[in-house]
file model_23.cif (mmCIF, C-alpha atoms)
data_entry
loop_
_atom_site.label_atom_id
_atom_site.label_comp_id
_atom_site.auth_asym_id
_atom_site.auth_seq_id
_atom_site.Cartn_x
_atom_site.Cartn_y
_atom_site.Cartn_z
CA MET A 1 104.12 46.80 25.23
CA THR A 2 100.70 47.83 23.98
CA ASP A 3 98.66 46.45 21.16
CA GLN A 4 96.53 49.46 20.31
CA VAL A 5 94.62 49.83 17.08
CA THR A 6 94.62 53.33 15.63
CA LEU A 7 91.22 54.83 14.91
CA THR A 8 90.68 57.13 11.95
CA VAL A 9 88.85 60.32 12.94
CA ARG A 10 86.26 61.73 10.56
CA GLU A 11 84.42 65.02 10.64
CA LEU A 12 81.03 64.70 12.29
CA LYS A 13 78.20 64.43 9.77
CA GLN A 14 74.64 63.19 10.10
CA SER A 15 75.13 60.69 7.25
CA THR A 16 77.70 58.70 9.20
CA PHE A 17 76.61 59.47 12.77
CA ALA A 18 72.95 58.60 12.24
CA PRO A 19 73.15 55.05 13.68
CA TYR A 20 74.28 56.50 16.99
CA GLY A 21 71.96 59.46 17.45
CA ASP A 22 71.26 63.02 16.38
CA ILE A 23 73.58 65.92 15.63
CA ILE A 24 72.42 69.15 17.26
CA GLU A 25 73.43 72.02 14.99
CA THR A 26 71.87 74.71 12.84
CA ASN A 27 73.72 73.78 9.65
CA GLY A 28 71.27 71.98 7.39
CA ALA A 29 68.49 72.01 10.00
CA LYS A 30 64.97 73.11 9.22
CA SER A 31 63.84 76.31 10.90
CA PHE A 32 61.05 78.80 11.10
CA PHE A 33 60.72 82.32 12.44
CA ILE A 34 58.98 83.21 15.69
CA ASN A 35 58.78 86.26 17.96
CA GLN A 36 57.59 88.55 15.15
CA GLY A 37 60.51 87.53 12.99
CA THR A 38 63.23 88.38 15.50
CA THR A 39 64.09 84.75 16.35
CA GLN A 40 64.86 81.81 14.08
CA ARG A 41 63.83 78.50 15.65
CA PHE A 42 65.74 75.37 14.59
CA HIS A 43 63.12 73.05 15.96
CA ASP A 44 63.25 69.67 17.69
CA LEU A 45 66.80 68.70 16.71
CA ALA A 46 67.25 65.61 18.86
CA GLU A 47 65.15 62.95 20.49
CA VAL A 48 65.03 63.10 24.29
CA ASP A 49 64.27 59.52 25.33
CA VAL A 50 64.48 59.32 29.10
CA ASP A 51 61.11 57.99 30.28
CA ASP A 52 62.08 54.37 30.96
CA ARG A 53 61.36 53.22 34.52
CA GLY A 54 60.09 56.58 35.70
CA GLY A 55 63.01 58.59 34.36
CA ARG A 56 62.81 62.35 33.88
CA PRO A 57 64.84 64.80 31.79
CA ILE A 58 67.50 66.76 33.64
CA ILE A 59 69.74 69.64 32.57
CA SER A 60 73.35 69.70 33.75
CA ILE A 61 76.67 71.24 32.76
CA PHE A 62 79.71 68.99 32.25
CA ARG A 63 83.16 70.58 32.49
CA GLY A 64 85.63 68.35 30.70
CA GLN A 65 89.39 68.53 30.98
CA ALA A 66 91.32 68.79 27.72
CA PHE A 67 92.92 65.68 26.25
CA SER A 68 96.06 65.75 24.12
CA LEU A 69 96.99 63.38 21.31
CA PRO A 70 97.57 60.50 21.34
CA ILE A 71 94.39 59.62 23.24
CA PRO A 72 94.02 55.99 24.36
CA ILE A 73 90.53 54.51 24.09
CA LYS A 74 90.52 51.76 26.69
CA MET A 75 86.83 51.59 27.54
CA LEU A 76 83.37 52.65 26.47
CA GLU A 77 80.16 53.22 28.42
CA ARG A 78 76.47 53.29 27.67
CA HIS A 79 73.24 54.34 29.34
CA PRO A 80 70.62 51.61 28.87
CA LEU A 81 67.75 53.72 30.24
CA GLY A 82 68.10 56.98 28.38
CA SER A 83 69.48 59.22 25.68
CA GLN A 84 72.21 61.71 26.55
CA ALA A 85 72.78 65.00 24.72
CA PHE A 86 75.97 67.11 24.81
CA ILE A 87 76.10 70.63 23.40
CA PRO A 88 79.28 72.75 23.67
CA ILE A 89 78.77 76.08 25.45
CA THR A 90 82.43 77.02 25.14
CA PRO A 91 83.87 77.55 21.64
CA TYR A 92 86.10 74.51 21.26
CA PRO A 93 85.97 71.42 19.05
CA TRP A 94 85.66 68.04 20.70
CA LEU A 95 86.02 64.37 19.97
CA LEU A 96 83.43 61.59 19.97
CA VAL A 97 84.08 57.86 19.99
CA VAL A 98 81.11 55.55 19.55
CA ALA A 99 80.63 51.91 18.67
CA PRO A 100 77.87 49.68 17.35
CA ALA A 101 76.62 46.90 19.61
CA GLU A 102 77.46 43.33 18.65
CA LYS A 103 74.86 40.58 18.93
CA ASP A 104 75.95 39.86 22.48
CA GLY A 105 75.59 43.54 23.36
CA SER A 106 79.30 44.27 23.64
CA PRO A 107 80.78 47.12 21.57
CA GLY A 108 82.14 46.43 18.08
CA ILE A 109 84.93 48.41 16.45
CA PRO A 110 84.68 52.06 17.51
CA GLU A 111 84.22 54.99 15.19
CA ALA A 112 85.71 58.40 15.99
CA PHE A 113 84.36 61.80 14.97
CA LEU A 114 85.67 65.33 15.32
CA ALA A 115 82.83 67.68 16.29
CA GLY A 116 83.08 71.39 15.67
CA SER A 117 82.45 73.85 18.48
CA HIS A 118 79.00 74.46 16.95
CA GLN A 119 78.03 70.78 16.96
CA GLY A 120 76.29 68.93 19.74
CA VAL A 121 75.04 65.37 19.67
CA SER A 122 72.46 63.25 21.40
CA TYR A 123 73.50 59.65 21.92
CA ARG A 124 70.53 57.37 21.48
CA LYS A 125 69.57 55.21 24.47
CA GLY A 126 72.04 52.34 24.88
CA VAL A 127 74.66 53.58 22.40
CA TRP A 128 78.24 52.77 23.36
CA HIS A 129 80.38 55.90 23.64
CA HIS A 130 83.55 57.10 25.27
CA PRO A 131 83.29 59.55 28.18
CA LEU A 132 83.64 63.21 27.26
CA LEU A 133 86.78 64.10 25.27
CA SER A 134 87.44 67.81 25.16
CA LEU A 135 90.28 69.14 23.05
CA GLN A 136 92.38 72.31 23.28
CA LYS A 137 91.04 73.64 26.61
CA THR A 138 88.82 72.77 29.52
CA SER A 139 85.37 72.87 27.91
CA ASP A 140 81.81 73.17 29.16
CA PHE A 141 78.86 71.29 27.71
CA LEU A 142 75.18 71.51 28.36
CA VAL A 143 73.92 67.99 28.99
CA VAL A 144 70.33 66.75 28.76
CA ASP A 145 70.01 63.22 30.09
CA ARG A 146 67.99 61.00 32.41
CA GLY A 147 67.45 61.44 36.11
CA GLY A 148 65.74 58.87 38.30
CA GLU A 149 66.11 55.48 39.86
CA GLY A 150 67.57 52.46 38.07
CA GLU A 151 71.02 51.37 36.96
CA ASN A 152 71.75 53.54 33.94
CA LEU A 153 75.48 52.96 33.42
CA GLU A 154 77.31 50.05 31.80
CA GLU A 155 81.03 50.05 31.17
CA PHE A 156 83.07 47.88 28.84
CA ILE A 157 86.84 47.63 29.12
CA PHE A 158 88.65 46.39 26.01
CA SER A 159 90.54 43.21 26.85
CA GLU A 160 93.50 43.93 24.59
CA GLY A 161 95.32 47.25 24.41
CA GLY A 162 92.24 48.92 23.06
CA TYR A 163 92.35 51.73 20.55
CA ALA A 164 94.09 55.05 20.10
CA ILE A 165 93.41 58.41 18.49
CA GLU A 166 96.67 59.65 17.04
CA ALA A 167 95.63 62.35 14.58
CA LEU A 168 92.69 64.59 13.74
CA PRO A 169 91.33 65.11 10.22
CA HIS A 170 92.35 68.76 10.09
CA PRO A 171 93.66 71.50 12.40
CA HIS A 172 91.46 72.17 15.40
CA ARG A 173 88.76 74.68 14.72
CA MET B 1 53.72 110.48 22.33
CA THR B 2 54.49 107.40 24.37
CA ASP B 3 53.90 106.71 28.02
CA GLN B 4 56.58 104.17 28.71
CA VAL B 5 57.82 103.30 32.16
CA THR B 6 61.56 102.71 32.40
CA LEU B 7 62.63 99.39 33.88
CA THR B 8 65.75 99.10 36.00
CA VAL B 9 67.98 96.22 34.88
CA ARG B 10 69.71 94.15 37.52
CA GLU B 11 72.37 91.51 37.18
CA LEU B 12 70.90 88.02 37.10
CA LYS B 13 71.14 86.28 40.47
CA GLN B 14 69.28 83.30 41.90
CA SER B 15 68.16 85.28 44.95
CA THR B 16 66.04 87.63 42.86
CA PHE B 17 65.22 85.37 39.90
CA ALA B 18 64.01 82.43 42.01
CA PRO B 19 60.27 83.23 41.73
CA TYR B 20 60.52 82.87 37.96
CA GLY B 21 62.66 79.77 37.57
CA ASP B 22 66.19 78.41 37.72
CA ILE B 23 69.50 79.91 36.63
CA ILE B 24 71.63 77.43 34.68
CA GLU B 25 75.27 78.19 35.45
CA THR B 26 78.27 76.61 37.13
CA ASN B 27 78.95 79.52 39.52
CA GLY B 28 77.76 78.49 42.93
CA ALA B 29 76.34 75.18 41.72
CA LYS B 30 77.01 71.87 43.40
CA SER B 31 79.11 69.43 41.41
CA PHE B 32 80.84 66.10 41.56
CA PHE B 33 83.48 64.39 39.48
CA ILE B 34 82.77 61.57 37.01
CA ASN B 35 84.65 59.84 34.20
CA GLN B 36 87.60 58.94 36.44
CA GLY B 37 87.99 62.52 37.53
CA THR B 38 88.24 64.01 34.04
CA THR B 39 84.76 65.58 34.05
CA GLN B 40 83.08 67.81 36.62
CA ARG B 41 79.30 67.38 36.60
CA PHE B 42 77.18 70.34 37.72
CA HIS B 43 74.10 68.23 38.21
CA ASP B 44 70.40 68.82 37.63
CA LEU B 45 70.49 72.61 37.44
CA ALA B 46 66.93 73.28 36.29
CA GLU B 47 63.54 71.67 36.44
CA VAL B 48 62.21 70.39 33.10
CA ASP B 49 58.45 70.42 33.55
CA VAL B 50 56.86 69.56 30.21
CA ASP B 51 54.65 66.52 30.85
CA ASP B 52 51.26 68.25 30.97
CA ARG B 53 48.74 66.88 28.45
CA GLY B 54 51.13 64.40 26.91
CA GLY B 55 53.97 66.87 26.37
CA ARG B 56 57.53 65.74 25.77
CA PRO B 57 60.89 67.50 26.11
CA ILE B 58 62.42 68.81 22.89
CA ILE B 59 65.82 70.32 22.14
CA SER B 60 66.02 73.25 19.71
CA ILE B 61 68.35 76.11 18.87
CA PHE B 62 67.02 79.68 18.84
CA ARG B 63 68.95 82.28 16.85
CA GLY B 64 68.01 85.71 18.15
CA GLN B 65 68.69 89.00 16.43
CA ALA B 66 70.50 91.64 18.48
CA PHE B 67 68.51 94.43 20.07
CA SER B 68 69.90 97.90 20.75
CA LEU B 69 68.95 100.25 23.55
CA PRO B 70 66.42 101.62 24.14
CA ILE B 71 64.36 98.42 23.95
CA PRO B 72 60.59 98.82 24.18
CA ILE B 73 58.73 96.15 26.17
CA LYS B 74 55.25 96.18 24.71
CA MET B 75 54.17 92.60 25.40
CA LEU B 76 54.96 89.45 27.34
CA GLU B 77 54.20 85.81 26.67
CA ARG B 78 53.92 82.64 28.72
CA HIS B 79 53.70 78.90 28.16
CA PRO B 80 50.97 77.45 30.37
CA LEU B 81 51.88 73.83 29.64
CA GLY B 82 55.61 73.76 30.18
CA SER B 83 58.91 75.15 31.35
CA GLN B 84 61.31 76.65 28.82
CA ALA B 85 65.08 76.76 29.24
CA PHE B 86 67.50 79.02 27.34
CA ILE B 87 71.26 78.54 27.48
CA PRO B 88 73.63 80.72 25.41
CA ILE B 89 75.89 78.77 23.06
CA THR B 90 77.48 81.93 21.67
CA PRO B 91 79.53 84.11 24.05
CA TYR B 92 77.27 87.14 24.42
CA PRO B 93 75.28 88.56 27.31
CA TRP B 94 71.52 88.78 26.99
CA LEU B 95 68.53 90.39 28.59
CA LEU B 96 65.55 88.86 30.38
CA VAL B 97 62.28 90.52 31.22
CA VAL B 98 59.83 88.61 33.40
CA ALA B 99 56.77 89.49 35.44
CA PRO B 100 54.78 88.00 38.30
CA ALA B 101 51.19 87.01 37.61
CA GLU B 102 48.45 89.10 39.19
CA LYS B 103 45.40 87.46 40.75
CA ASP B 104 43.58 87.59 37.43
CA GLY B 105 46.53 85.94 35.70
CA SER B 106 47.72 89.02 33.84
CA PRO B 107 51.34 90.17 34.26
CA GLY B 108 52.26 92.61 37.00
CA ILE B 109 55.15 95.07 36.80
CA PRO B 110 58.02 93.48 34.88
CA GLU B 111 61.50 92.89 36.23
CA ALA B 112 64.55 93.02 33.95
CA PHE B 113 67.80 91.09 34.36
CA LEU B 114 71.10 91.16 32.50
CA ALA B 115 72.41 87.62 32.04
CA GLY B 116 76.06 86.95 31.38
CA SER B 117 77.11 84.82 28.44
CA HIS B 118 77.68 81.96 30.89
CA GLN B 119 74.17 82.16 32.35
CA GLY B 120 71.14 80.28 31.11
CA VAL B 121 67.72 80.19 32.70
CA SER B 122 64.70 77.96 32.79
CA TYR B 123 61.41 79.79 33.00
CA ARG B 124 58.99 77.90 35.19
CA LYS B 125 55.74 76.76 33.58
CA GLY B 126 53.39 79.71 33.10
CA VAL B 127 55.88 82.47 33.93
CA TRP B 128 55.38 85.69 31.97
CA HIS B 129 58.48 86.63 30.00
CA HIS B 130 59.49 88.69 27.01
CA PRO B 131 60.57 86.89 23.83
CA LEU B 132 64.32 86.42 23.43
CA LEU B 133 66.40 89.59 23.73
CA SER B 134 69.94 89.15 22.48
CA LEU B 135 72.42 91.98 22.86
CA GLN B 136 75.58 92.88 20.94
CA LYS B 137 75.30 90.31 18.13
CA THR B 138 73.02 87.68 16.66
CA SER B 139 73.15 84.99 19.35
CA ASP B 140 72.35 81.29 19.51
CA PHE B 141 70.68 79.58 22.46
CA LEU B 142 70.02 75.97 23.21
CA VAL B 143 66.37 75.67 24.19
CA VAL B 144 64.72 72.84 26.11
CA ASP B 145 60.96 73.16 26.09
CA ARG B 146 57.72 71.29 25.50
CA GLY B 147 56.63 69.57 22.32
CA GLY B 148 53.18 68.10 21.81
CA GLU B 149 49.55 68.98 21.32
CA GLY B 150 47.73 71.70 23.22
CA GLU B 151 47.76 75.50 23.20
CA ASN B 152 51.00 76.44 24.93
CA LEU B 153 51.29 80.14 24.15
CA GLU B 154 49.55 83.12 25.73
CA GLU B 155 50.41 86.69 24.88
CA PHE B 156 49.65 89.86 26.80
CA ILE B 157 49.97 93.29 25.20
CA PHE B 158 50.32 96.21 27.60
CA SER B 159 47.42 98.61 27.10
CA GLU B 160 49.42 101.78 27.74
CA GLY B 161 52.82 102.50 26.22
CA GLY B 162 54.34 99.61 28.08
CA TYR B 163 57.86 99.66 29.43
CA ALA B 164 61.35 100.40 28.17
CA ILE B 165 64.90 99.29 28.85
CA GLU B 166 67.12 102.33 28.52
CA ALA B 167 70.34 101.32 30.27
CA LEU B 168 72.21 98.24 31.47
CA PRO B 169 73.78 97.93 34.93
CA HIS B 170 77.33 97.86 33.56
CA PRO B 171 79.15 97.60 30.22
CA HIS B 172 78.27 94.53 28.19
CA ARG B 173 80.38 91.55 29.07
#
call {"tool": "encode", "arguments": {"input": "model_23.cif", "output": "structure tokens"}}
result
Amino acid sequence: MTDQVTLTVRELKQSTFAPYGDIIETNGAKSFFINQGTTQRFHDLAEVDVDDRGGRPIISIFRGQAFSLPIPIKMLERHPLGSQAFIPITPYPWLLVVAPAEKDGSPGIPEAFLAGSHQGVSYRKGVWHHPLLSLQKTSDFLVVDRGGEGENLEEFIFSEGGYAIEALPHPHR
Amino acid sequence: MTDQVTLTVRELKQSTFAPYGDIIETNGAKSFFINQGTTQRFHDLAEVDVDDRGGRPIISIFRGQAFSLPIPIKMLERHPLGSQAFIPITPYPWLLVVAPAEKDGSPGIPEAFLAGSHQGVSYRKGVWHHPLLSLQKTSDFLVVDRGGEGENLEEFIFSEGGYAIEALPHPHR
């Protein structure tokens, strides 16, 4: 018998995601034209904060298996030494679960967001988040995070049943 | 009357692109599993080299208009202070034109590559390249390059008619 708390999933918007990091998307972003007007540059959309203890930025691709509802949220992780950005390079929506840090550093009540296929995020350094949750199909993401020495992973396992995602705010895009 | 030299376009492969930078793709890349086996990480695919003169990595999105054949190549540019990575986030192939540097620093004879929609590249610091050339449709790219002070753009205009792309190696993917 589980004792899971259901999380409400909201659409990803900067107004509510701001405490956790930046949304990487063109919608609403400032831009200017370069290359003699043939390219529109949406400039500097997310902070890359990976310098701690000699860290360096690295570019990787994450291929995430698809999860089906209901999705149990039994743990969260965070990277104390650097930000971590995820940008979909396949055209599927995906799910984010983040949580504020309590005074003792442990995660508070999680918040869940549905990201469109055109929305990436950068988690600020030290922000609690669930590992990658693809929906629909196996999905690829470009990832910009920290390489280098040092322990850059903390995990927190919820002592009770944890949480669950049981529904999305609208049909998958 | 023009005096353009036609460039042969080859498919993008690491063996021939290596002098200019890294290809960012999963095909042939080393990977390992994370997140309890639910995510495959293709790790550290491209060098991010943006530290010169206090530079920092920034994440942007470039939206490039589509070019149709024949495509004149009348100039190249380079960024002497940092690498610049382009990864398609829309599913369209694209075209790269790069050139080696001659002893005096000016570009030699360009080389052209057709990149699949699943292929990104990182141009090494100082590599001559043509501004973004999307094909088929307006295309979005995630870009990781250098932010910060300092003059980071050089342009070179070919004194004769320049070059032209007149055909691709196979039908657009």
call {"tool": "interface_residues", "arguments": {"input": "model_23.cif", "of": "chain A", "to": "chain B", "cutoff": "6 Å", "atoms": "only C-alpha atoms", "output": "CSV table (one decimal) with C-alpha atoms, keeping the file's coordinate frame"}}
result
chain,number,residue,atom,x,y,z
A,38,THR,CA,63.2,88.4,15.5
A,39,THR,CA,64.1,84.8,16.4
A,40,GLN,CA,64.9,81.8,14.1
A,41,ARG,CA,63.8,78.5,15.6
A,42,PHE,CA,65.7,75.4,14.6
A,43,HIS,CA,63.1,73.0,16.0
A,44,ASP,CA,63.2,69.7,17.7
A,45,LEU,CA,66.8,68.7,16.7
A,46,ALA,CA,67.2,65.6,18.9
A,58,ILE,CA,67.5,66.8,33.6
A,59,ILE,CA,69.7,69.6,32.6
A,60,SER,CA,73.4,69.7,33.8
A,61,ILE,CA,76.7,71.2,32.8
A,62,PHE,CA,79.7,69.0,32.2
A,63,ARG,CA,83.2,70.6,32.5
A,64,GLY,CA,85.6,68.4,30.7
A,65,GLN,CA,89.4,68.5,31.0
A,89,ILE,CA,78.8,76.1,25.4
call {"tool": "residues_around", "arguments": {"input": "model_23.cif", "residues": "B:Pro70", "least_positions_apart": "2", "cutoff": "9 Å", "atoms": "all atoms listed in the file", "output": "PDB file with C-alpha atoms, in the coordinates of the input"}}
result
ATOM      1  CA  PHE B  67      68.510  94.430  20.070  1.00  0.00           C
ATOM      2  CA  SER B  68      69.900  97.900  20.750  1.00  0.00           C
ATOM      3  CA  PRO B  72      60.590  98.820  24.180  1.00  0.00           C
ATOM      4  CA  ALA B 164      61.350 100.400  28.170  1.00  0.00           C
ATOM      5  CA  ILE B 165      64.900  99.290  28.850  1.00  0.00           C
ATOM      6  CA  GLU B 166      67.120 102.330  28.520  1.00  0.00           C
ATOM      7  CA  ALA B 167      70.340 101.320  30.270  1.00  0.00           C
TER       8      ALA B 167
END
call {"tool": "calpha_fit_and_write", "arguments": {"input": "model_23.cif", "fixed": "chain B", "moving": "chain A", "output": "short mmCIF file (atom, residue, chain, number, x, y, z; two decimals) with C-alpha atoms, in the coordinates of the input"}}
result
data_model
loop_
_atom_site.label_atom_id
_atom_site.label_comp_id
_atom_site.auth_asym_id
_atom_site.auth_seq_id
_atom_site.Cartn_x
_atom_site.Cartn_y
_atom_site.Cartn_z
CA MET A 1 53.57 110.42 22.30
CA THR A 2 54.41 107.38 24.39
CA ASP A 3 53.88 106.75 28.04
CA GLN A 4 56.59 104.19 28.71
CA VAL A 5 57.83 103.30 32.15
CA THR A 6 61.56 102.71 32.39
CA LEU A 7 62.63 99.39 33.87
CA THR A 8 65.75 99.11 35.99
CA VAL A 9 67.98 96.22 34.87
CA ARG A 10 69.73 94.16 37.52
CA GLU A 11 72.38 91.50 37.18
CA LEU A 12 70.90 88.02 37.11
CA LYS A 13 71.14 86.27 40.47
CA GLN A 14 69.29 83.29 41.90
CA SER A 15 68.17 85.31 44.95
CA THR A 16 66.05 87.65 42.85
CA PHE A 17 65.22 85.38 39.91
CA ALA A 18 64.01 82.46 42.01
CA PRO A 19 60.27 83.24 41.72
CA TYR A 20 60.53 82.87 37.96
CA GLY A 21 62.66 79.77 37.57
CA ASP A 22 66.19 78.41 37.72
CA ILE A 23 69.50 79.90 36.64
CA ILE A 24 71.63 77.43 34.70
CA GLU A 25 75.27 78.18 35.46
CA THR A 26 78.27 76.62 37.14
CA ASN A 27 78.94 79.51 39.51
CA GLY A 28 77.75 78.47 42.95
CA ALA A 29 76.32 75.16 41.71
CA LYS A 30 77.03 71.87 43.40
CA SER A 31 79.12 69.42 41.41
CA PHE A 32 80.84 66.10 41.56
CA PHE A 33 83.48 64.38 39.47
CA ILE A 34 82.77 61.58 37.01
CA ASN A 35 84.65 59.84 34.19
CA GLN A 36 87.60 58.92 36.43
CA GLY A 37 87.98 62.51 37.52
CA THR A 38 88.26 64.00 34.04
CA THR A 39 84.78 65.59 34.04
CA GLN A 40 83.09 67.81 36.61
CA ARG A 41 79.31 67.37 36.60
CA PHE A 42 77.18 70.33 37.73
CA HIS A 43 74.11 68.21 38.21
CA ASP A 44 70.40 68.80 37.64
CA LEU A 45 70.48 72.61 37.44
CA ALA A 46 66.93 73.28 36.30
CA GLU A 47 63.54 71.66 36.45
CA VAL A 48 62.22 70.38 33.12
CA ASP A 49 58.44 70.42 33.55
CA VAL A 50 56.87 69.56 30.22
CA ASP A 51 54.64 66.53 30.85
CA ASP A 52 51.25 68.26 30.96
CA ARG A 53 48.74 66.89 28.45
CA GLY A 54 51.14 64.41 26.90
CA GLY A 55 53.96 66.88 26.38
CA ARG A 56 57.53 65.75 25.77
CA PRO A 57 60.90 67.50 26.11
CA ILE A 58 62.42 68.81 22.90
CA ILE A 59 65.83 70.33 22.14
CA SER A 60 66.04 73.25 19.72
CA ILE A 61 68.37 76.11 18.87
CA PHE A 62 67.02 79.69 18.83
CA ARG A 63 68.96 82.29 16.85
CA GLY A 64 68.02 85.72 18.14
CA GLN A 65 68.71 89.00 16.42
CA ALA A 66 70.50 91.65 18.47
CA PHE A 67 68.50 94.44 20.07
CA SER A 68 69.89 97.91 20.73
CA LEU A 69 68.96 100.27 23.54
CA PRO A 70 66.42 101.63 24.15
CA ILE A 71 64.37 98.43 23.95
CA PRO A 72 60.58 98.81 24.18
CA ILE A 73 58.75 96.15 26.17
CA LYS A 74 55.26 96.17 24.71
CA MET A 75 54.16 92.61 25.41
CA LEU A 76 54.95 89.47 27.34
CA GLU A 77 54.20 85.80 26.68
CA ARG A 78 53.93 82.65 28.72
CA HIS A 79 53.71 78.91 28.16
CA PRO A 80 50.96 77.45 30.37
CA LEU A 81 51.88 73.82 29.64
CA GLY A 82 55.61 73.75 30.17
CA SER A 83 58.91 75.15 31.36
CA GLN A 84 61.30 76.65 28.82
CA ALA A 85 65.08 76.76 29.24
CA PHE A 86 67.51 79.02 27.33
CA ILE A 87 71.26 78.54 27.48
CA PRO A 88 73.62 80.74 25.41
CA ILE A 89 75.90 78.78 23.06
CA THR A 90 77.48 81.93 21.67
CA PRO A 91 79.53 84.12 24.04
CA TYR A 92 77.28 87.14 24.42
CA PRO A 93 75.28 88.58 27.32
CA TRP A 94 71.53 88.79 26.99
CA LEU A 95 68.53 90.40 28.58
CA LEU A 96 65.56 88.84 30.38
CA VAL A 97 62.27 90.51 31.22
CA VAL A 98 59.84 88.61 33.41
CA ALA A 99 56.78 89.49 35.44
CA PRO A 100 54.78 88.01 38.30
CA ALA A 101 51.19 87.02 37.62
CA GLU A 102 48.44 89.10 39.19
CA LYS A 103 45.40 87.45 40.75
CA ASP A 104 43.58 87.60 37.43
CA GLY A 105 46.54 85.95 35.71
CA SER A 106 47.72 89.03 33.84
CA PRO A 107 51.34 90.16 34.26
CA GLY A 108 52.26 92.63 37.01
CA ILE A 109 55.15 95.08 36.79
CA PRO A 110 58.03 93.48 34.88
CA GLU A 111 61.50 92.89 36.23
CA ALA A 112 64.55 93.02 33.95
CA PHE A 113 67.80 91.11 34.35
CA LEU A 114 71.10 91.17 32.51
CA ALA A 115 72.40 87.62 32.04
CA GLY A 116 76.05 86.95 31.39
CA SER A 117 77.12 84.83 28.44
CA HIS A 118 77.68 81.97 30.91
CA GLN A 119 74.16 82.15 32.35
CA GLY A 120 71.14 80.28 31.12
CA VAL A 121 67.71 80.20 32.71
CA SER A 122 64.70 77.96 32.79
CA TYR A 123 61.40 79.79 33.01
CA ARG A 124 58.99 77.88 35.19
CA LYS A 125 55.73 76.75 33.57
CA GLY A 126 53.38 79.71 33.12
CA VAL A 127 55.88 82.47 33.94
CA TRP A 128 55.38 85.68 31.98
CA HIS A 129 58.48 86.64 30.00
CA HIS A 130 59.49 88.69 27.01
CA PRO A 131 60.57 86.89 23.84
CA LEU A 132 64.31 86.41 23.43
CA LEU A 133 66.40 89.60 23.72
CA SER A 134 69.93 89.16 22.48
CA LEU A 135 72.42 91.98 22.86
CA GLN A 136 75.57 92.90 20.92
CA LYS A 137 75.29 90.31 18.12
CA THR A 138 73.02 87.69 16.66
CA SER A 139 73.15 84.99 19.35
CA ASP A 140 72.35 81.30 19.52
CA PHE A 141 70.70 79.58 22.46
CA LEU A 142 70.03 75.98 23.22
CA VAL A 143 66.38 75.67 24.18
CA VAL A 144 64.74 72.83 26.11
CA ASP A 145 60.97 73.17 26.11
CA ARG A 146 57.73 71.29 25.49
CA GLY A 147 56.64 69.58 22.32
CA GLY A 148 53.18 68.12 21.81
CA GLU A 149 49.57 68.98 21.30
CA GLY A 150 47.74 71.71 23.21
CA GLU A 151 47.75 75.50 23.20
CA ASN A 152 50.99 76.43 24.93
CA LEU A 153 51.28 80.14 24.14
CA GLU A 154 49.55 83.13 25.73
CA GLU A 155 50.42 86.70 24.88
CA PHE A 156 49.66 89.88 26.79
CA ILE A 157 49.96 93.30 25.19
CA PHE A 158 50.31 96.23 27.60
CA SER A 159 47.42 98.62 27.08
CA GLU A 160 49.42 101.77 27.73
CA GLY A 161 52.82 102.52 26.22
CA GLY A 162 54.34 99.63 28.08
CA TYR A 163 57.86 99.66 29.41
CA ALA A 164 61.35 100.41 28.16
CA ILE A 165 64.90 99.29 28.84
CA GLU A 166 67.12 102.32 28.51
CA ALA A 167 70.34 101.32 30.27
CA LEU A 168 72.20 98.24 31.45
CA PRO A 169 73.78 97.89 34.90
CA HIS A 170 77.32 97.80 33.55
CA PRO A 171 79.16 97.52 30.22
CA HIS A 172 78.27 94.43 28.23
CA ARG A 173 80.36 91.45 29.10
#
call {"tool": "residues_around", "arguments": {"input": "model_23.cif", "residues": "B:Val98", "least_positions_apart": "5", "cutoff": "10 Å", "atoms": "only C-alpha atoms", "output": "PyMOL selection string"}}
result
chain B and resi 17+19-20+76-78+107-113+123+127-131
call {"tool": "closest_residue", "arguments": {"input": "model_23.cif", "among": "A:Val121, A:Leu69, A:Leu153, A:Ala99", "to": "A:Phe86", "atoms": "all atoms listed in the file"}}
result
A:Val121
call {"tool": "residues_around", "arguments": {"input": "model_23.cif", "residues": "A:Glu160", "least_positions_apart": "3", "cutoff": "10 Å", "atoms": "only C-alpha atoms", "output": "short mmCIF file (atom, residue, chain, number, x, y, z; two decimals) with C-alpha atoms, keeping the file's coordinate frame"}}
result
data_model
loop_
_atom_site.label_atom_id
_atom_site.label_comp_id
_atom_site.auth_asym_id
_atom_site.auth_seq_id
_atom_site.Cartn_x
_atom_site.Cartn_y
_atom_site.Cartn_z
CA THR A 2 100.70 47.83 23.98
CA ASP A 3 98.66 46.45 21.16
CA GLN A 4 96.53 49.46 20.31
CA VAL A 5 94.62 49.83 17.08
CA LYS A 74 90.52 51.76 26.69
CA ILE A 157 86.84 47.63 29.12
CA TYR A 163 92.35 51.73 20.55
#
call {"tool": "resolve_selection", "arguments": {"input": "model_23.cif", "expression": "the PyMOL selection byres ((chain B and resi 93) around 8)", "output": "PyMOL selection string"}}
result
chain B and resi 91-92+94-95+114-118+134-136+172-173
call {"tool": "closest_residue", "arguments": {"input": "model_23.cif", "among": "A:Leu96, A:Asn152, A:Gly21, A:Ser106", "to": "A:Leu81", "atoms": "only C-alpha atoms"}}
result
A:Asn152
call {"tool": "atom_distance", "arguments": {"input": "model_23.cif", "atom1": "atom CA of B:Gly150", "atom2": "atom CA of B:Arg124"}}
result
17.6 Å
call {"tool": "atom_distance", "arguments": {"input": "model_23.cif", "atom1": "atom CA of A:Arg53", "atom2": "atom CA of B:Arg53"}}
result
19.6 Å
call {"tool": "atom_distance", "arguments": {"input": "model_23.cif", "atom1": "atom CA of A:Val9", "atom2": "atom CA of A:His170"}}
result
9.6 Å
